[in-house]
Amino acid sequence: MHKPRIPLVAQILIGLMAGIVLGAILNHYPDARPWLINNVLQPAGDLFIKLMKMIVIPIVFCCMVVGVAGQSDTKALGRIGVKTLLYFFCITTSAIVFGLVLGNLMQPGAGTDLHSLHATAVTLPAAGGHQGVAGLILGIVPDNIIDSMAKGNLLPVLFFAVMFGLGLSGLPSERKDPVLAVFRGVSDAMFRVTSFVMAYSPIGVFGMISVTVANFGFASLLPLAKLILVTYVALFLFATIVLGSVAKLAGVPFFGLIRFIKDELVLAFSSASSTAVMPQLMAKLETFGAPRELVSFVVPVGYSFNLDGASIFLGIGTLFVAQLYGMELSLGQQALLVVTMVLTSKGAAGVPGFMFVILSATLASAGLPLEGIAFIAGIYRIMDMGTTTLNVLGNALAPLVIASWQGKQAISPTAEAARQEVGTCAEDRKKA
């Protein structure tokens, strides 16, 4: 008789709760903190992130090549690309505006005493020689694709994968098909590796969250509680109002989708890394009914161009710093900020901490003190958990919306039906 298996989402939640408890204990016993964090907890969390980063690039590259080369109509692929980028531009722009509106209405920085805040050292990478649109375009084209893969730079890898896929699609079938079969095989194998890595995820979450709580403690949250509250209110309202409306217009069962990918959303929230859930998210979306060629193209591109949660926090964080220092931003200045944020938010990989780079560029363009980032940095992990979750939800919805836009509504009517499909596939694999 088999013991009932604890679902993955329950395991992750147990790891999350246990990590919070241990972190709170360590925060009250600073003598025991350094050794346990440096030798046990931090390595446990870092190992999980490294394992996920290890498999993301091979999966993205192989899926993108198969998705592009497997398209018989290159013009149709071009139309999909244009529609995808247009959709991402509209959604992220609305997210930035949404964040600015909520920031103006709820005033997260108003009345905050600067002396009550704890500054945290933030190291930002040196700016490159090209900025703006030119810098974005030049950053997409890799000097060395192997180097880009090694560094985990997603945009150059996507660009090369599209170019390689287009080149492969022009070959005769007898030369193209064997190569495609290899890439499909590698992709399937990497998805299998993902299931191995996910078995470790509760331990990784336990390590990451315990380190976070042990380092900042709950007392340091109080001066910035208003900023945290405003951020989460904005994230929730954007998800339910904007994404929910988009899903309804596209005929996508929005809350059914949320229930179906709840494991990935909980893991994204716990780890604050959208990269950690990309492989299994792509597999889940195919099961939910999104065409494989759309999932292979839209989701990886969305990880660089469709950061809804990060876009919302850009608006809120910028206004927080302005209000913190008593600086007024006119409607005209905020309109210019929207343009700046739309450009600076593109190309950001969904990894923890990258928001500081984007936020610093936005603050600099508005003439706001960069020192304001240091006050946010200490507790940003708390908000990053929410923004990352919305990033994942937005990128899960995107291929389903594009599929509807393309007239390919092969979406399972309910999450329960999709779960049955998952169970059937799992049984078939066991029998095989």
# chains A, B, ... in the order shown; residues from 1 in each chain; ligands from 1
>>> residues_around(residues="Ile80 (chain A)", least_positions_apart="3", cutoff="10 Å", atoms="only C-alpha atoms", output="PyMOL selection string")
chain A and resi 74-77+83-86+294+297-298+402-403+405-406
>>> residues_around(residues="Val56 (chain A)", least_positions_apart="2", cutoff="10 Å", atoms="only C-alpha atoms", output="list in words")
Leu51, Met52, Lys53, Met54, Pro58, Ile59, Val60, Phe61, Met149, Gly152, Leu154, Met190, Phe191, Thr194, Thr275, Ala276, Val277, Met278, Pro279 and Pro300 of chain A
>>> write_last_selection(atoms="N, CA, C and O atoms", output="compact mmCIF listing (two decimals), in the first residue's frame")
# COMPACT_ATOMS: atom_id res chain seq x y z
N LEU A 51 20.54 25.39 -10.07
CA LEU A 51 19.99 24.25 -10.80
C LEU A 51 18.98 24.70 -11.85
O LEU A 51 18.96 24.20 -12.98
N MET A 52 18.12 25.67 -11.49
CA MET A 52 17.12 26.15 -12.44
C MET A 52 17.77 26.93 -13.58
O MET A 52 17.39 26.79 -14.74
N LYS A 53 18.76 27.76 -13.25
CA LYS A 53 19.47 28.49 -14.30
C LYS A 53 20.19 27.52 -15.25
O LYS A 53 20.32 27.81 -16.45
N MET A 54 20.63 26.40 -14.71
CA MET A 54 21.34 25.41 -15.51
C MET A 54 20.49 24.86 -16.64
O MET A 54 20.98 24.60 -17.74
N PRO A 58 19.17 25.79 -22.08
CA PRO A 58 18.96 24.70 -23.05
C PRO A 58 17.50 24.54 -23.46
O PRO A 58 17.20 24.31 -24.63
N ILE A 59 16.58 24.66 -22.49
CA ILE A 59 15.16 24.50 -22.81
C ILE A 59 14.68 25.62 -23.71
O ILE A 59 14.00 25.39 -24.72
N VAL A 60 15.03 26.85 -23.36
CA VAL A 60 14.59 28.00 -24.16
C VAL A 60 15.14 27.91 -25.58
O VAL A 60 14.42 28.11 -26.56
N PHE A 61 16.42 27.60 -25.70
CA PHE A 61 17.04 27.54 -27.03
C PHE A 61 16.41 26.46 -27.89
O PHE A 61 16.03 26.70 -29.05
N MET A 149 25.21 32.36 -23.69
CA MET A 149 24.60 31.19 -23.04
C MET A 149 25.23 30.95 -21.67
O MET A 149 24.53 30.65 -20.70
N GLY A 152 23.94 33.35 -19.22
CA GLY A 152 22.50 33.30 -19.02
C GLY A 152 21.77 34.52 -19.54
O GLY A 152 20.68 34.84 -19.06
N LEU A 154 19.36 36.06 -21.68
CA LEU A 154 18.24 35.44 -22.40
C LEU A 154 17.98 36.08 -23.77
O LEU A 154 17.73 35.38 -24.75
N MET A 190 15.28 17.72 -21.20
CA MET A 190 15.46 18.80 -20.24
C MET A 190 14.21 19.01 -19.39
O MET A 190 14.30 19.36 -18.21
N PHE A 191 13.04 18.79 -19.99
CA PHE A 191 11.81 18.87 -19.19
C PHE A 191 11.80 17.76 -18.14
O PHE A 191 11.27 17.94 -17.03
N THR A 194 13.95 18.82 -15.38
CA THR A 194 13.23 19.81 -14.57
C THR A 194 12.46 19.15 -13.44
O THR A 194 12.42 19.67 -12.31
N THR A 275 12.58 32.78 -13.31
CA THR A 275 13.37 31.80 -14.06
C THR A 275 13.17 30.39 -13.49
O THR A 275 13.20 29.41 -14.22
N ALA A 276 12.95 30.33 -12.17
CA ALA A 276 12.83 29.03 -11.51
C ALA A 276 11.61 28.23 -11.95
O ALA A 276 11.55 27.03 -11.71
N VAL A 277 10.63 28.88 -12.58
CA VAL A 277 9.41 28.17 -12.95
C VAL A 277 9.19 28.11 -14.45
O VAL A 277 8.18 27.56 -14.89
N MET A 278 10.09 28.69 -15.25
CA MET A 278 9.85 28.74 -16.69
C MET A 278 9.65 27.36 -17.33
O MET A 278 8.68 27.17 -18.07
N PRO A 279 10.52 26.38 -17.09
CA PRO A 279 10.36 25.09 -17.79
C PRO A 279 9.02 24.42 -17.51
O PRO A 279 8.32 24.02 -18.45
N PRO A 300 9.29 32.53 -23.58
CA PRO A 300 10.67 33.03 -23.44
C PRO A 300 10.81 34.51 -23.77
O PRO A 300 11.53 35.24 -23.08
>>> select_by_dssp(residues="region 33-207 of chain A", states="alpha helix (DSSP H)", output="PyMOL selection string")
chain A and resi 33-36+42-69+74-106+132-140+145-151+154-169+173-198+201-207
>>> closest_residue(among="A:Ser304, A:Ser311, A:Gln107, A:Ser169", to="Leu229 (chain A)", atoms="only C-alpha atoms")
A:Gln107
>>> residues_around(residues="Pro202 (chain A)", least_positions_apart="4", cutoff="12 Å", atoms="only C-alpha atoms", output="JSON, numbers by chain")
{"A": [6, 7, 8, 9, 10, 11, 12, 13, 14, 15, 16, 17, 18, 19, 44, 45, 47, 48, 197, 198, 206, 207, 208, 209, 263, 266, 267, 268, 270, 271]}
>>> atom_distance(atom1="CA of Thr93 (chain A)", atom2="CA of Thr388 (chain A)")
17.1 Å
>>> residues_around(residues="Gly367 (chain A)", least_positions_apart="3", cutoff="12 Å", atoms="only C-alpha atoms", output="list of chain:residue names")
A:Thr318, A:Val321, A:Ala322, A:Tyr325, A:Met327, A:Glu328, A:Leu329, A:Gln333, A:Leu337, A:Ser360, A:Ala361, A:Thr362, A:Leu363, A:Ala364, A:Leu370, A:Glu371, A:Gly372
>>> closest_residue(among="A:Glu174, A:Glu293, A:Asp308, A:Asp113", to="Gly326 (chain A)", atoms="only C-alpha atoms")
A:Asp113
>>> atom_distance(atom1="CA of Ala283 (chain A)", atom2="CA of Ile203 (chain A)")
22.7 Å
>>> atom_distance(atom1="CA of Ile145 (chain A)", atom2="CA of Arg292 (chain A)")
24.9 Å
>>> closest_atom_pairs(of="region 274-347 of chain A", to="region 249-260 of chain A", cutoff="9 Å", atoms="only C-alpha atoms", output="Markdown table")
| residue | atom | partner | partner_atom | distance |
| --- | --- | --- | --- | --- |
| A:Lys284 | CA | A:Phe260 | CA | 8.0 |
| A:Leu285 | CA | A:Leu257 | CA | 8.9 |
| A:Phe288 | CA | A:Leu257 | CA | 7.9 |
>>> closest_residue(among="A:Thr240, A:Asn306, A:Asn39, A:Ser187", to="Ile57 (chain A)", atoms="only C-alpha atoms")
A:Ser187
>>> closest_residue(among="A:Phe159, A:Leu105, A:Ala214, A:Leu138", to="Gly23 (chain A)", atoms="only C-alpha atoms")
A:Ala214
>>> residues_around(residues="His28 (chain A)", least_positions_apart="5", cutoff="12 Å", atoms="only C-alpha atoms", output="PyMOL selection string")
chain A and resi 21-23+33+213-219
